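Below is input_23.txt, which holds compact mmCIF, C-alpha atoms.
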```
# COMPACT_ATOMS: atom_id res chain seq x y z
CA MET A 1 -13.70 3.59 22.06
CA LEU A 2 -13.49 1.89 18.67
CA LYS A 3 -16.09 -0.81 18.11
CA PRO A 4 -15.23 -4.42 17.15
CA GLY A 5 -15.13 -4.71 13.37
CA TYR A 6 -13.72 -1.19 12.92
CA GLY A 7 -11.44 -1.15 9.88
CA LEU A 8 -12.74 -4.52 8.67
CA ASP A 9 -15.36 -5.48 6.11
CA ASP A 10 -18.38 -7.69 6.79
CA ASP A 11 -16.30 -10.82 6.20
CA GLY A 12 -13.54 -9.74 8.61
CA PHE A 13 -11.01 -8.71 5.97
CA ILE A 14 -8.84 -5.62 6.49
CA VAL A 15 -10.07 -2.53 4.65
CA SER A 16 -7.11 -0.46 3.48
CA ASP A 17 -7.32 3.20 4.49
CA VAL A 18 -4.65 4.45 2.06
CA SER A 19 -5.13 5.70 -1.46
CA ILE A 20 -3.29 7.69 -4.11
CA ASP A 21 -6.28 10.06 -4.10
CA LYS A 22 -5.76 10.85 -0.40
CA ILE A 23 -2.23 12.19 -0.92
CA ASP A 24 -2.28 15.97 -0.51
CA SER A 25 -0.92 17.75 -3.59
CA ILE A 26 1.67 19.61 -1.47
CA TYR A 27 3.58 16.32 -1.08
CA LEU A 28 3.57 15.38 -4.77
CA PRO A 29 6.73 17.36 -5.78
CA CYS A 30 8.66 15.79 -2.90
CA ILE A 31 7.45 12.29 -3.81
CA GLN A 32 8.23 12.83 -7.48
CA GLU A 33 11.75 14.08 -6.78
CA SER A 34 12.34 11.10 -4.48
CA VAL A 35 11.22 8.72 -7.24
CA ASN A 36 13.27 10.48 -9.91
CA SER A 37 16.36 10.43 -7.69
CA LEU A 38 15.93 6.71 -7.05
CA LYS A 39 15.54 6.06 -10.78
CA ASN A 40 18.69 8.03 -11.54
CA LEU A 41 20.74 6.35 -8.82
CA PHE A 42 19.51 2.81 -9.46
CA PRO A 43 18.33 2.60 -13.10
CA LEU A 44 18.86 -1.16 -13.34
CA GLN A 45 17.82 -2.25 -9.85
CA LEU A 46 14.73 -0.17 -9.05
CA HIS A 47 11.50 -2.10 -9.56
CA SER A 48 8.88 0.04 -7.80
CA VAL A 49 8.36 2.68 -5.12
CA TYR A 50 5.63 2.87 -2.47
CA VAL A 51 4.46 5.48 0.03
CA TYR A 52 3.02 4.46 3.40
CA GLY A 53 2.04 6.11 6.66
CA SER A 54 0.15 9.34 7.23
CA VAL A 55 0.73 10.80 3.74
CA PRO A 56 -1.32 8.19 1.79
CA ARG A 57 -3.87 8.08 4.63
CA GLY A 58 -4.50 11.77 4.02
CA ASP A 59 -3.89 12.88 7.61
CA ALA A 60 -0.28 14.08 7.35
CA LYS A 61 0.53 17.45 8.92
CA PRO A 62 3.11 19.66 7.17
CA ILE A 63 6.43 19.89 9.05
CA HIS A 64 5.24 17.48 11.77
CA SER A 65 4.73 14.32 9.66
CA ASP A 66 7.27 12.05 7.96
CA LEU A 67 7.30 10.94 4.36
CA ASP A 68 7.82 7.17 4.43
CA LEU A 69 8.86 5.40 1.23
CA ILE A 70 9.69 1.83 0.28
CA ALA A 71 12.08 1.26 -2.64
CA LEU A 72 11.73 -2.25 -4.05
CA PHE A 73 14.88 -3.48 -5.80
CA SER A 74 15.23 -6.36 -8.25
CA LYS A 75 18.84 -6.92 -7.16
CA LYS A 76 20.56 -6.58 -3.80
CA LEU A 77 22.39 -3.29 -3.35
CA SER A 78 26.10 -3.18 -2.68
CA SER A 79 27.40 -1.48 0.46
CA ASP A 80 28.38 1.57 -1.64
CA GLU A 81 24.89 1.74 -3.10
CA VAL A 82 23.35 1.49 0.36
CA ASP A 83 25.53 4.44 1.41
CA ARG A 84 24.34 6.41 -1.61
CA LEU A 85 20.74 5.68 -0.62
CA LYS A 86 21.39 6.96 2.91
CA THR A 87 22.99 10.09 1.48
CA LEU A 88 19.96 10.62 -0.74
CA THR A 89 17.53 10.43 2.19
CA SER A 90 19.59 13.00 4.11
CA GLU A 91 19.70 15.34 1.12
CA LEU A 92 15.96 15.05 0.50
CA THR A 93 15.17 15.57 4.18
CA ASN A 94 17.28 18.72 4.30
CA LYS A 95 15.71 20.06 1.11
CA TYR A 96 12.13 19.50 2.27
CA ILE A 97 12.62 20.28 5.95
CA ASN A 98 9.88 22.92 5.76
CA LEU A 99 7.41 20.34 4.48
CA VAL A 100 8.17 17.06 6.28
CA ARG A 101 9.96 16.16 9.49
CA ASP A 102 11.93 13.37 7.87
CA ILE A 103 12.10 11.41 4.62
CA GLY A 104 12.75 7.73 5.13
CA ILE A 105 13.39 5.27 2.30
CA SER A 106 13.27 1.63 3.33
CA MET A 107 14.77 -1.08 1.10
CA ALA A 108 12.89 -4.18 0.00
CA ASP A 109 13.96 -7.15 -2.12
CA TYR A 110 11.74 -8.24 -5.02
CA ASP A 111 12.27 -12.00 -4.67
CA TYR A 112 11.71 -11.91 -0.92
CA THR A 113 8.66 -9.69 -1.17
CA ILE A 114 6.97 -11.68 -3.92
CA ASP A 115 7.24 -14.95 -1.96
CA PRO A 116 3.72 -15.76 -0.63
CA SER A 117 5.24 -17.20 2.56
CA ASN A 118 6.44 -13.72 3.52
CA TYR A 119 3.03 -12.75 4.81
CA TYR A 120 4.25 -9.52 6.40
CA GLU A 121 5.78 -8.08 3.23
CA ASN A 122 2.72 -9.01 1.20
CA ALA A 123 0.26 -7.52 3.68
CA PHE A 124 2.34 -4.36 4.16
CA LEU A 125 2.23 -3.52 0.46
CA ARG A 126 -1.40 -4.53 0.06
CA GLU A 127 -2.96 -2.84 3.07
CA ILE A 128 -0.91 0.19 4.09
CA SER A 129 1.14 1.20 1.03
CA VAL A 130 0.43 3.06 -2.21
CA CYS A 131 2.49 2.43 -5.33
CA VAL A 132 3.80 5.67 -6.87
CA TYR A 133 6.18 4.13 -9.41
CA GLY A 134 6.51 0.83 -11.25
CA GLU A 135 4.45 -2.35 -10.99
CA ASP A 136 2.19 -2.45 -7.95
CA LEU A 137 2.94 -5.81 -6.33
CA GLY A 138 0.25 -5.16 -3.73
CA GLU A 139 -2.37 -6.01 -6.35
CA ARG A 140 -1.15 -9.61 -6.31
CA PHE A 141 -1.83 -10.16 -2.61
CA GLY A 142 -4.71 -10.38 -0.17
CA PRO A 143 -7.31 -9.92 1.03
CA TYR A 144 -6.16 -10.44 4.63
CA LYS A 145 -7.95 -11.40 7.79
CA LEU A 146 -6.82 -9.65 10.97
CA THR A 147 -4.80 -12.52 12.44
CA SER A 148 -2.00 -12.41 15.01
CA GLU A 149 0.65 -12.94 12.34
CA ILE A 150 0.16 -9.45 10.88
CA PRO A 151 0.65 -7.35 14.05
CA ILE A 152 3.46 -9.63 15.27
CA LYS A 153 5.36 -9.19 12.01
CA PHE A 154 4.58 -5.45 11.85
CA ASN A 155 5.95 -4.80 15.35
CA GLY A 156 8.19 -7.74 16.13
CA ASP A 157 11.32 -5.60 15.87
CA ILE A 158 10.57 -3.62 19.03
CA CYS A 159 13.75 -4.89 20.77
CA LYS A 160 15.94 -3.84 17.86
CA SER A 161 14.20 -0.48 17.82
CA LEU A 162 14.85 -0.03 21.56
CA HIS A 163 18.58 -0.82 21.25
CA ARG A 164 18.89 1.42 18.20
CA THR A 165 17.25 4.29 20.10
CA LEU A 166 19.42 3.78 23.19
CA ASN A 167 22.57 3.84 21.06
CA ARG A 168 21.48 7.10 19.49
CA LEU A 169 20.93 8.69 22.91
CA ASP A 170 24.60 8.59 23.92
CA ILE A 171 25.32 12.28 23.40
CA PRO A 172 22.35 13.78 21.54
CA SER A 173 21.36 17.39 21.19
CA ASP A 174 18.05 18.41 22.77
CA GLU A 175 16.37 18.33 19.37
CA ALA A 176 17.79 14.89 18.52
CA PHE A 177 16.73 13.59 21.95
CA ARG A 178 13.13 14.67 21.31
CA THR A 179 13.16 13.16 17.82
CA TYR A 180 14.51 9.76 18.92
CA THR A 181 12.37 9.43 22.04
CA GLN A 182 9.19 10.52 20.26
CA GLY A 183 9.92 8.06 17.48
CA PHE A 184 10.33 5.19 19.92
CA ALA A 185 7.22 6.26 21.84
CA ARG A 186 5.21 5.97 18.62
CA LYS A 187 6.70 2.53 18.01
CA LEU A 188 5.86 1.48 21.57
CA ILE A 189 2.22 2.54 21.19
CA ARG A 190 1.92 0.60 17.94
CA THR A 191 3.47 -2.47 19.55
CA TYR A 192 1.19 -2.36 22.60
CA TYR A 193 -1.80 -1.83 20.33
CA SER A 194 -0.85 -4.86 18.24
CA MET A 195 -1.26 -6.99 21.38
CA VAL A 196 -4.99 -6.16 21.68
CA MET A 197 -6.10 -5.44 18.12
CA VAL A 198 -6.55 -9.07 17.05
CA ARG A 199 -8.52 -10.06 20.14
CA SER A 200 -10.68 -6.95 19.76
CA GLN A 201 -10.88 -7.33 15.96
CA ILE A 202 -10.21 -3.63 15.47
CA TRP A 203 -7.87 -2.51 12.69
CA SER A 204 -6.39 0.97 12.73
CA THR A 205 -3.06 2.38 11.57
CA ARG A 206 -3.75 5.86 12.95
CA LEU A 207 -1.59 6.53 16.00
CA HIS A 208 -4.12 8.73 17.81
CA GLU A 209 -6.83 6.08 17.45
CA GLN A 210 -4.47 3.39 18.70
CA ALA A 211 -3.42 5.51 21.70
CA GLU A 212 -7.00 6.42 22.63
CA ASP A 213 -8.19 2.83 22.34
CA LEU A 214 -5.26 1.58 24.45
CA TYR A 215 -5.97 4.18 27.12
CA ILE A 216 -9.63 3.20 27.37
CA THR A 217 -8.82 -0.53 27.29
CA PHE A 218 -6.25 -0.37 30.09
CA ARG A 219 -8.36 2.04 32.17
CA THR A 220 -11.31 -0.34 31.95
CA LYS A 221 -9.17 -3.33 32.92
CA ASN A 222 -7.70 -1.44 35.89
CA ARG A 223 -11.19 -0.61 37.14
CA LEU A 224 -12.26 -4.24 36.84
CA CYS A 225 -9.14 -5.41 38.72
CA THR A 226 -9.76 -2.86 41.47
CA ARG A 227 -13.37 -3.93 41.89
CA PHE A 228 -12.30 -7.58 42.06
CA LEU A 229 -9.62 -6.90 44.67
CA ILE A 230 -11.79 -4.77 46.96
CA GLY A 231 -14.90 -6.91 46.46
```
Please, can you express the file's structure as structure tokens?
Amino acid sequence: MLKPGYGLDDDGFIVSDVSIDKIDSIYLPCIQESVNSLKNLFPLQLHSVYVYGSVPRGDAKPIHSDLDLIALFSKKLSSDEVDRLKTLTSELTNKYINLVRDIGISMADYDYTIDPSNYYENAFLREISVCVYGEDLGERFGPYKLTSEIPIKFNGDICKSLHRTLNRLDIPSDEAFRTYTQGFARKLIRTYYSMVMVRSQIWSTRLHEQAEDLYITFRTKNRLCTRFLIG
């Protein structure tokens, strides 16, 4: 079980576990092509690009892990431009299917992200993202204490995620069913973990650590409840 203070410094601030140096070289061509494609598609709007998740943590597994990107735009994209971005992610995913399970490119707005009141956006860039193109806005933010606001904002969209997954499960293939349900299961673990991480003062973005810690936490609580009930 992870000990209190794990992932935090002596003053209780989050210690980021991502770094440009942790990115395995096998992912660099894919990242570079993603950046170049974004620059070509949105030469006037693209401000910066970030990688987050298992790739910048250094624990990504070829074929089984996703490549997660954030594209920060200085101007809001039109509906046609959003469609072009979706097409790009599909094309990149198909091209690198033997390297990553999926390539996701999330959109972010510069003005919204730079606003200090948007704690979630600031913390996300600072603590779990690595800038691979443009100005690194994460350098402007932090450090951050592990307060309830961070996990709530990180996982507060669980209801939307559930409805989105249920809609996708109407008539899926077996492969699509596994992909969607596994994706939601990962989201569910992260959400449950966010409910105990602040009280425990344990910070981890690694899914296997979150799952193991949850299992031990709930098993311990069940034992205590049983002892109380049976005297």
Distance atom CA of A:Asn122-atom CA of A:Ile23, one decimal place? 21.9 Å
Mind checking which residues fall within 12 Å of stretch 175-179 of chain A, counting all atoms listed in the file, ignoring those fewer than 6 positions away in the same chain, and posting them as an mmCIF file with C-alpha atoms, keeping the file's coordinate frame?
```
data_model
loop_
_atom_site.group_PDB
_atom_site.id
_atom_site.type_symbol
_atom_site.label_atom_id
_atom_site.label_comp_id
_atom_site.auth_asym_id
_atom_site.auth_seq_id
_atom_site.Cartn_x
_atom_site.Cartn_y
_atom_site.Cartn_z
ATOM 1 C CA HIS A 64 5.240 17.480 11.770
ATOM 2 C CA SER A 65 4.730 14.320 9.660
ATOM 3 C CA ASP A 66 7.270 12.050 7.960
ATOM 4 C CA ARG A 101 9.960 16.160 9.490
ATOM 5 C CA ASP A 102 11.930 13.370 7.870
ATOM 6 C CA THR A 165 17.250 4.290 20.100
ATOM 7 C CA LEU A 166 19.420 3.780 23.190
ATOM 8 C CA ASN A 167 22.570 3.840 21.060
ATOM 9 C CA ARG A 168 21.480 7.100 19.490
ATOM 10 C CA LEU A 169 20.930 8.690 22.910
ATOM 11 C CA ALA A 185 7.220 6.260 21.840
ATOM 12 C CA ARG A 186 5.210 5.970 18.620
#
```
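Distance check against A:Ile31 using all atoms listed in the file: of A:Asp157, A:Asp68, A:Asp17, A:Asp59, the minimum falls on A:Asp68.
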May I ask which of the residues A:Leu92, A:Val15, A:Leu8, A:Ala123 is the closest one to A:Gln32, counting all atoms listed in the file?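 Nearest to A:Gln32: A:Leu92.
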Select all residues near (5.2, 20.0, 4.7) (cut-off 9 Å, inclusive, file coordinates), counting only C-alpha atoms, and output them as a PyMOL selection string. chain A and resi 26-27+60-66+96-101
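Here atom CA of A:Lys76 and atom CA of A:Asn155 stand 24.2 Å from one another.
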Gap from atom CA of A:Leu77 to atom CA of A:Ile150 - Å, one decimal: 27.1 Å
I need the residue nearest A:Glu81 from this list: A:Tyr52, A:Tyr112, A:Phe13, A:Phe42. Use all atoms listed in the file for the distance.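 Of A:Tyr52, A:Tyr112, A:Phe13, A:Phe42, the one nearest A:Glu81 is A:Phe42, counting all atoms listed in the file.
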Between A:Tyr119, A:Arg140, A:Tyr50, A:Ser78, which residue has the minimum interatomic distance to A:Ile105, considering only C-alpha atoms?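 Answer, going by the shortest atom-to-atom distance: A:Tyr50.
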Please provide the set of residues having any atom within 10 Å of A:Ile202, restricted to all atoms listed in the file, with same-chain residues fewer than 5 positions apart removed, written as a list in words. Leu2, Lys3, Pro4, Gly5, Tyr6, Gly7, Leu8, Gly12, Ile14, Leu146, Tyr193, Ser194, Val196, Met197, Gln210 and Asp213 of chain A
Compute the distance from (13.3, 1.2, -9.3) to each atom, counting all atoms listed in the file, keep the residues with any atom at most 8 Å away, and return them as a count of residues only; use the coordinates of the file. 16
My list of candidates is A:Ser117, A:Ser19, A:Asn94, A:Ser148. Which is closest to A:Arg57 when distances are computed with all atoms listed in the file?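 Smallest separation from A:Arg57 among the options: A:Ser19.
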Restricting the calculation to all atoms listed in the file, which member of A:Ile189, A:Leu28, A:Ile70, A:Val198 is positioned closest to A:Leu214? A:Ile189
Produce the centre coordinates and the three edge lengths, each in Å to one decimal, of the box along x, y and z that contains all listed atoms of stretch 60-73 of chain A with 8 Å added on each side, as lines of an AutoDock Vina configuration file.
```
center_x = 7.3
center_y = 8.2
center_z = 3.0
size_x = 31.2
size_y = 39.4
size_z = 33.6
```
Got a sec: who's within 9 Å of A:Pro56, counting all atoms listed in the file, leaving out chain neighbours fewer than 6 positions off, as a list in words?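 Selected residues are Asp17, Val18, Ser19, Ile20, Asp21, Lys22, Ile23, Asp24, Ile128, Ser129 and Val130 of chain A.
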Resulting file, chosen residues, C-alpha atoms, as an mmCIF file, in the frame of the given file:
```
data_model
loop_
_atom_site.group_PDB
_atom_site.id
_atom_site.type_symbol
_atom_site.label_atom_id
_atom_site.label_comp_id
_atom_site.auth_asym_id
_atom_site.auth_seq_id
_atom_site.Cartn_x
_atom_site.Cartn_y
_atom_site.Cartn_z
ATOM 1 C CA ASP A 17 -7.320 3.200 4.490
ATOM 2 C CA VAL A 18 -4.650 4.450 2.060
ATOM 3 C CA SER A 19 -5.130 5.700 -1.460
ATOM 4 C CA ILE A 20 -3.290 7.690 -4.110
ATOM 5 C CA ASP A 21 -6.280 10.060 -4.100
ATOM 6 C CA LYS A 22 -5.760 10.850 -0.400
ATOM 7 C CA ILE A 23 -2.230 12.190 -0.920
ATOM 8 C CA ASP A 24 -2.280 15.970 -0.510
ATOM 9 C CA ILE A 128 -0.910 0.190 4.090
ATOM 10 C CA SER A 129 1.140 1.200 1.030
ATOM 11 C CA VAL A 130 0.430 3.060 -2.210
#
```
